[in-house]
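Raw coords_10.pdb, PDB, C-alpha atoms:
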```pdb
ATOM      1  CA  MET A1376     -11.950 135.139 154.583  1.00  0.00           C
ATOM      2  CA  ALA A1377     -12.645 133.149 151.424  1.00  0.00           C
ATOM      3  CA  ASN A1378      -8.927 132.380 151.093  1.00  0.00           C
ATOM      4  CA  MET A1379      -8.910 130.897 154.589  1.00  0.00           C
ATOM      5  CA  LEU A1380     -11.874 128.680 153.710  1.00  0.00           C
ATOM      6  CA  TRP A1381     -10.143 127.425 150.557  1.00  0.00           C
ATOM      7  CA  SER A1382      -6.961 126.815 152.523  1.00  0.00           C
ATOM      8  CA  ILE A1383      -8.903 124.643 154.966  1.00  0.00           C
ATOM      9  CA  ILE A1384     -10.509 122.735 152.095  1.00  0.00           C
ATOM     10  CA  TRP A1385      -7.084 122.146 150.509  1.00  0.00           C
ATOM     11  CA  LEU A1386      -5.754 120.985 153.870  1.00  0.00           C
ATOM     12  CA  LEU A1387      -8.549 118.430 154.142  1.00  0.00           C
ATOM     13  CA  VAL A1388      -7.894 117.214 150.596  1.00  0.00           C
ATOM     14  CA  LEU A1389      -4.190 117.006 151.390  1.00  0.00           C
ATOM     15  CA  VAL A1390      -4.655 114.983 154.559  1.00  0.00           C
ATOM     16  CA  PHE A1391      -7.488 112.680 153.517  1.00  0.00           C
ATOM     17  CA  VAL A1392      -6.842 112.164 149.792  1.00  0.00           C
ATOM     18  CA  ALA A1393      -3.513 113.434 148.490  1.00  0.00           C
ATOM     19  CA  PHE A1394      -1.200 111.450 150.762  1.00  0.00           C
ATOM     20  CA  PHE A1395      -2.850 108.173 149.842  1.00  0.00           C
ATOM     21  CA  VAL A1396      -2.893 108.974 146.124  1.00  0.00           C
ATOM     22  CA  SER A1397       0.757 110.054 146.216  1.00  0.00           C
ATOM     23  CA  PHE A1398       1.937 106.966 148.077  1.00  0.00           C
ATOM     24  CA  PHE A1399       0.052 104.698 145.683  1.00  0.00           C
ATOM     25  CA  CYS A1400       1.332 106.470 142.561  1.00  0.00           C
ATOM     26  CA  ALA A1401       4.900 106.751 143.854  1.00  0.00           C
ATOM     27  CA  TRP A1402       5.111 103.010 144.464  1.00  0.00           C
ATOM     28  CA  TRP A1403       3.838 102.209 140.984  1.00  0.00           C
ATOM     29  CA  TYR A1404       6.070 104.909 139.480  1.00  0.00           C
ATOM     30  CA  VAL A1405       9.124 103.142 140.923  1.00  0.00           C
ATOM     31  CA  VAL A1406       7.943  99.911 139.292  1.00  0.00           C
ATOM     32  CA  PHE A1407       7.033 101.328 135.876  1.00  0.00           C
ATOM     33  CA  TYR A1408       9.762 103.921 135.327  1.00  0.00           C
ATOM     34  CA  PRO A1409      12.633 101.461 134.701  1.00  0.00           C
ATOM     35  CA  LEU A1410      10.403  99.522 132.307  1.00  0.00           C
ATOM     36  CA  THR A1411      10.064 102.563 130.030  1.00  0.00           C
ATOM     37  CA  VAL A1412      13.558 101.833 128.745  1.00  0.00           C
ATOM     38  CA  CYS A1413      12.393  98.473 127.390  1.00  0.00           C
ATOM     39  CA  VAL A1414       8.823  99.490 126.529  1.00  0.00           C
ATOM     40  CA  PRO A1415       8.747 103.161 125.431  1.00  0.00           C
ATOM     41  CA  ASN A1416       4.938 103.155 125.280  1.00  0.00           C
ATOM     42  CA  LEU A1417       4.871 102.988 129.091  1.00  0.00           C
ATOM     43  CA  SER A1418       6.284 106.512 129.310  1.00  0.00           C
ATOM     44  CA  SER A1419       2.769 107.981 129.231  1.00  0.00           C
ATOM     45  CA  VAL A1420       1.816 105.757 132.181  1.00  0.00           C
ATOM     46  CA  SER A1421       4.925 106.753 134.108  1.00  0.00           C
ATOM     47  CA  ASP A1422       4.231 110.443 133.409  1.00  0.00           C
ATOM     48  CA  LEU A1423       0.718 110.075 134.783  1.00  0.00           C
ATOM     49  CA  LEU A1424       2.026 108.279 137.865  1.00  0.00           C
ATOM     50  CA  LEU A1425       4.577 111.051 138.409  1.00  0.00           C
ATOM     51  CA  LYS A1426       1.789 113.636 138.378  1.00  0.00           C
ATOM     52  CA  GLY A1427      -0.085 111.539 140.923  1.00  0.00           C
ATOM     53  CA  ALA A1428       3.006 111.327 143.104  1.00  0.00           C
ATOM     54  CA  GLN A1429       3.294 115.122 142.991  1.00  0.00           C
ATOM     55  CA  PHE A1430      -0.337 115.609 144.051  1.00  0.00           C
ATOM     56  CA  THR A1431       0.675 116.456 147.628  1.00  0.00           C
ATOM     57  CA  HIS A1432       2.840 119.309 146.344  1.00  0.00           C
ATOM     58  CA  TYR A1433      -0.055 120.603 144.247  1.00  0.00           C
ATOM     59  CA  CYS A1434      -2.428 120.537 147.231  1.00  0.00           C
ATOM     60  CA  ALA A1435       0.075 122.143 149.606  1.00  0.00           C
ATOM     61  CA  LYS A1436       0.866 124.911 147.126  1.00  0.00           C
ATOM     62  CA  ASN A1437      -2.805 125.712 146.589  1.00  0.00           C
ATOM     63  CA  MET A1438      -3.421 125.573 150.334  1.00  0.00           C
ATOM     64  CA  MET A1439      -0.692 128.139 151.004  1.00  0.00           C
ATOM     65  CA  GLU A1440      -1.935 130.417 148.222  1.00  0.00           C
ATOM     66  CA  GLY A1441      -5.618 130.005 149.151  1.00  0.00           C
ATOM     67  CA  ASN A1442      -6.627 129.124 145.590  1.00  0.00           C
ATOM     68  CA  SER A1443     -10.043 127.757 144.743  1.00  0.00           C
ATOM     69  CA  LEU A1444     -10.541 124.225 143.415  1.00  0.00           C
ATOM     70  CA  SER A1445     -10.813 125.349 139.811  1.00  0.00           C
TER      71      SER A1445
END
```

Since I need it in another form, could you write the structure as structure tokens?
Amino acid sequence: MANMLWSIIWLLVLVFVAFFVSFFCAWWYVVFYPLTVCVPNLSSVSDLLLKGAQFTHYCAKNMMEGNSLS
């Protein structure tokens, strides 16, 4: 039963937070990624934006597995 509760919590995070974070990060990732060729120091920013863009995958995976937030 605890797994079902965590799955519901992950679903809520996915719907109300993750989609917005992913859309925001994906748009900025498209802008910053080509600039890393000219400015190599931006690669850390683009890596962070990529992780943000993949946040929906992280939430969906944890929802299906019923993992806790930690």

Inset, instruction - Take CA of Leu1444 (chain A) and CA of Leu1424 (chain A) and report the distance between them in Å, one decimal. - result: 21.0 Å

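For the atom pair formed by CA of Leu1423 (chain A) and CA of Trp1402 (chain A), the distance is 12.8 Å, given to one decimal.
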
Inset, instruction - Run the PyMOL selection byres ((chain A and resi 1385) around 8) against the file shown and list the residues it catches, as a ChimeraX atom specification. - result: /A:1381-1384,1386-1389,1434-1435,1437-1438

Let me know the centre plus edge lengths, in Å and rounded to one decimal, of a box with edges along x, y and z that contains all listed atoms of region 1407-1412 of chain A and is padded by 6 Å on every side, as lines of an AutoDock Vina configuration file.
```
center_x = 10.3
center_y = 101.7
center_z = 132.3
size_x = 18.5
size_y = 16.4
size_z = 19.1
```

Legend entry - Residues in the PyMOL selection byres ((chain A and resi 1394) around 12), expressed as a list in words: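 With the PyMOL selection byres ((chain A and resi 1394) around 12) on this model, the match is Leu1386, Leu1387, Val1388, Leu1389, Val1390, Phe1391, Val1392, Ala1393, Phe1395, Val1396, Ser1397, Phe1398, Phe1399, Cys1400, Ala1401, Gly1427, Ala1428, Gln1429, Phe1430, Thr1431, His1432, Tyr1433, Cys1434 and Ala1435 of chain A.
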
Could you add the missing atoms to region 1398-1432 of chain A, up to N, CA and C atoms, and return them as a short mmCIF file (atom, residue, chain, number, x, y, z; two decimals), in the coordinates of the input?
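Once written, rebuild_28.cif looks like this:
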```cif
data_model
loop_
_atom_site.label_atom_id
_atom_site.label_comp_id
_atom_site.auth_asym_id
_atom_site.auth_seq_id
_atom_site.Cartn_x
_atom_site.Cartn_y
_atom_site.Cartn_z
N PHE A 1398 1.24 108.19 147.71
CA PHE A 1398 1.94 106.97 148.08
C PHE A 1398 1.67 105.86 147.06
N PHE A 1399 0.42 105.72 146.66
CA PHE A 1399 0.05 104.70 145.68
C PHE A 1399 0.78 104.93 144.36
N CYS A 1400 0.71 106.16 143.86
CA CYS A 1400 1.33 106.47 142.56
C CYS A 1400 2.85 106.38 142.62
N ALA A 1401 3.44 106.80 143.74
CA ALA A 1401 4.90 106.75 143.85
C ALA A 1401 5.40 105.31 143.80
N TRP A 1402 4.69 104.41 144.48
CA TRP A 1402 5.11 103.01 144.46
C TRP A 1402 5.05 102.45 143.05
N TRP A 1403 3.96 102.71 142.35
CA TRP A 1403 3.84 102.21 140.98
C TRP A 1403 4.80 102.92 140.03
N TYR A 1404 5.11 104.18 140.31
CA TYR A 1404 6.07 104.91 139.48
C TYR A 1404 7.44 104.24 139.56
N VAL A 1405 7.84 103.83 140.75
CA VAL A 1405 9.12 103.14 140.92
C VAL A 1405 9.15 101.84 140.14
N VAL A 1406 8.01 101.17 140.03
CA VAL A 1406 7.94 99.91 139.29
C VAL A 1406 7.96 100.16 137.78
N PHE A 1407 7.19 101.13 137.32
CA PHE A 1407 7.03 101.33 135.88
C PHE A 1407 8.17 102.12 135.23
N TYR A 1408 8.78 103.04 135.96
CA TYR A 1408 9.76 103.92 135.33
C TYR A 1408 10.94 103.17 134.70
N PRO A 1409 11.54 102.19 135.36
CA PRO A 1409 12.63 101.46 134.70
C PRO A 1409 12.17 100.68 133.47
N LEU A 1410 10.90 100.28 133.45
CA LEU A 1410 10.40 99.52 132.31
C LEU A 1410 10.23 100.38 131.05
N THR A 1411 10.22 101.70 131.20
CA THR A 1411 10.06 102.56 130.03
C THR A 1411 11.26 102.49 129.10
N VAL A 1412 12.38 102.02 129.61
CA VAL A 1412 13.56 101.83 128.74
C VAL A 1412 13.30 100.70 127.76
N CYS A 1413 12.68 99.64 128.24
CA CYS A 1413 12.39 98.47 127.39
C CYS A 1413 11.12 98.66 126.57
N VAL A 1414 10.13 99.29 127.18
CA VAL A 1414 8.82 99.49 126.53
C VAL A 1414 8.53 100.99 126.52
N PRO A 1415 8.93 101.70 125.46
CA PRO A 1415 8.75 103.16 125.43
C PRO A 1415 7.29 103.62 125.53
N ASN A 1416 6.35 102.76 125.19
CA ASN A 1416 4.94 103.16 125.28
C ASN A 1416 4.48 103.34 126.73
N LEU A 1417 5.22 102.83 127.68
CA LEU A 1417 4.87 102.99 129.09
C LEU A 1417 5.23 104.37 129.63
N SER A 1418 5.89 105.19 128.83
CA SER A 1418 6.28 106.51 129.31
C SER A 1418 5.07 107.38 129.64
N SER A 1419 3.97 107.21 128.91
CA SER A 1419 2.77 107.98 129.23
C SER A 1419 2.19 107.55 130.58
N VAL A 1420 2.28 106.26 130.88
CA VAL A 1420 1.82 105.76 132.18
C VAL A 1420 2.71 106.29 133.29
N SER A 1421 4.01 106.26 133.08
CA SER A 1421 4.92 106.75 134.11
C SER A 1421 4.77 108.25 134.32
N ASP A 1422 4.48 109.00 133.26
CA ASP A 1422 4.23 110.44 133.41
C ASP A 1422 2.98 110.71 134.23
N LEU A 1423 1.94 109.93 134.01
CA LEU A 1423 0.72 110.08 134.78
C LEU A 1423 0.95 109.72 136.25
N LEU A 1424 1.71 108.67 136.49
CA LEU A 1424 2.03 108.28 137.86
C LEU A 1424 2.88 109.33 138.57
N LEU A 1425 3.77 109.98 137.83
CA LEU A 1425 4.58 111.05 138.41
C LEU A 1425 3.70 112.22 138.83
N LYS A 1426 2.72 112.57 138.01
CA LYS A 1426 1.79 113.64 138.38
C LYS A 1426 1.00 113.26 139.63
N GLY A 1427 0.61 112.00 139.73
CA GLY A 1427 -0.08 111.54 140.92
C GLY A 1427 0.80 111.60 142.15
N ALA A 1428 2.08 111.27 141.98
CA ALA A 1428 3.01 111.33 143.10
C ALA A 1428 3.25 112.76 143.56
N GLN A 1429 3.10 113.71 142.66
CA GLN A 1429 3.29 115.12 142.99
C GLN A 1429 2.01 115.80 143.45
N PHE A 1430 0.95 115.05 143.66
CA PHE A 1430 -0.34 115.61 144.05
C PHE A 1430 -0.27 116.30 145.41
N THR A 1431 0.55 115.80 146.33
CA THR A 1431 0.68 116.46 147.63
C THR A 1431 1.28 117.85 147.48
N HIS A 1432 2.24 117.99 146.59
CA HIS A 1432 2.84 119.31 146.34
C HIS A 1432 1.80 120.27 145.78
#
```
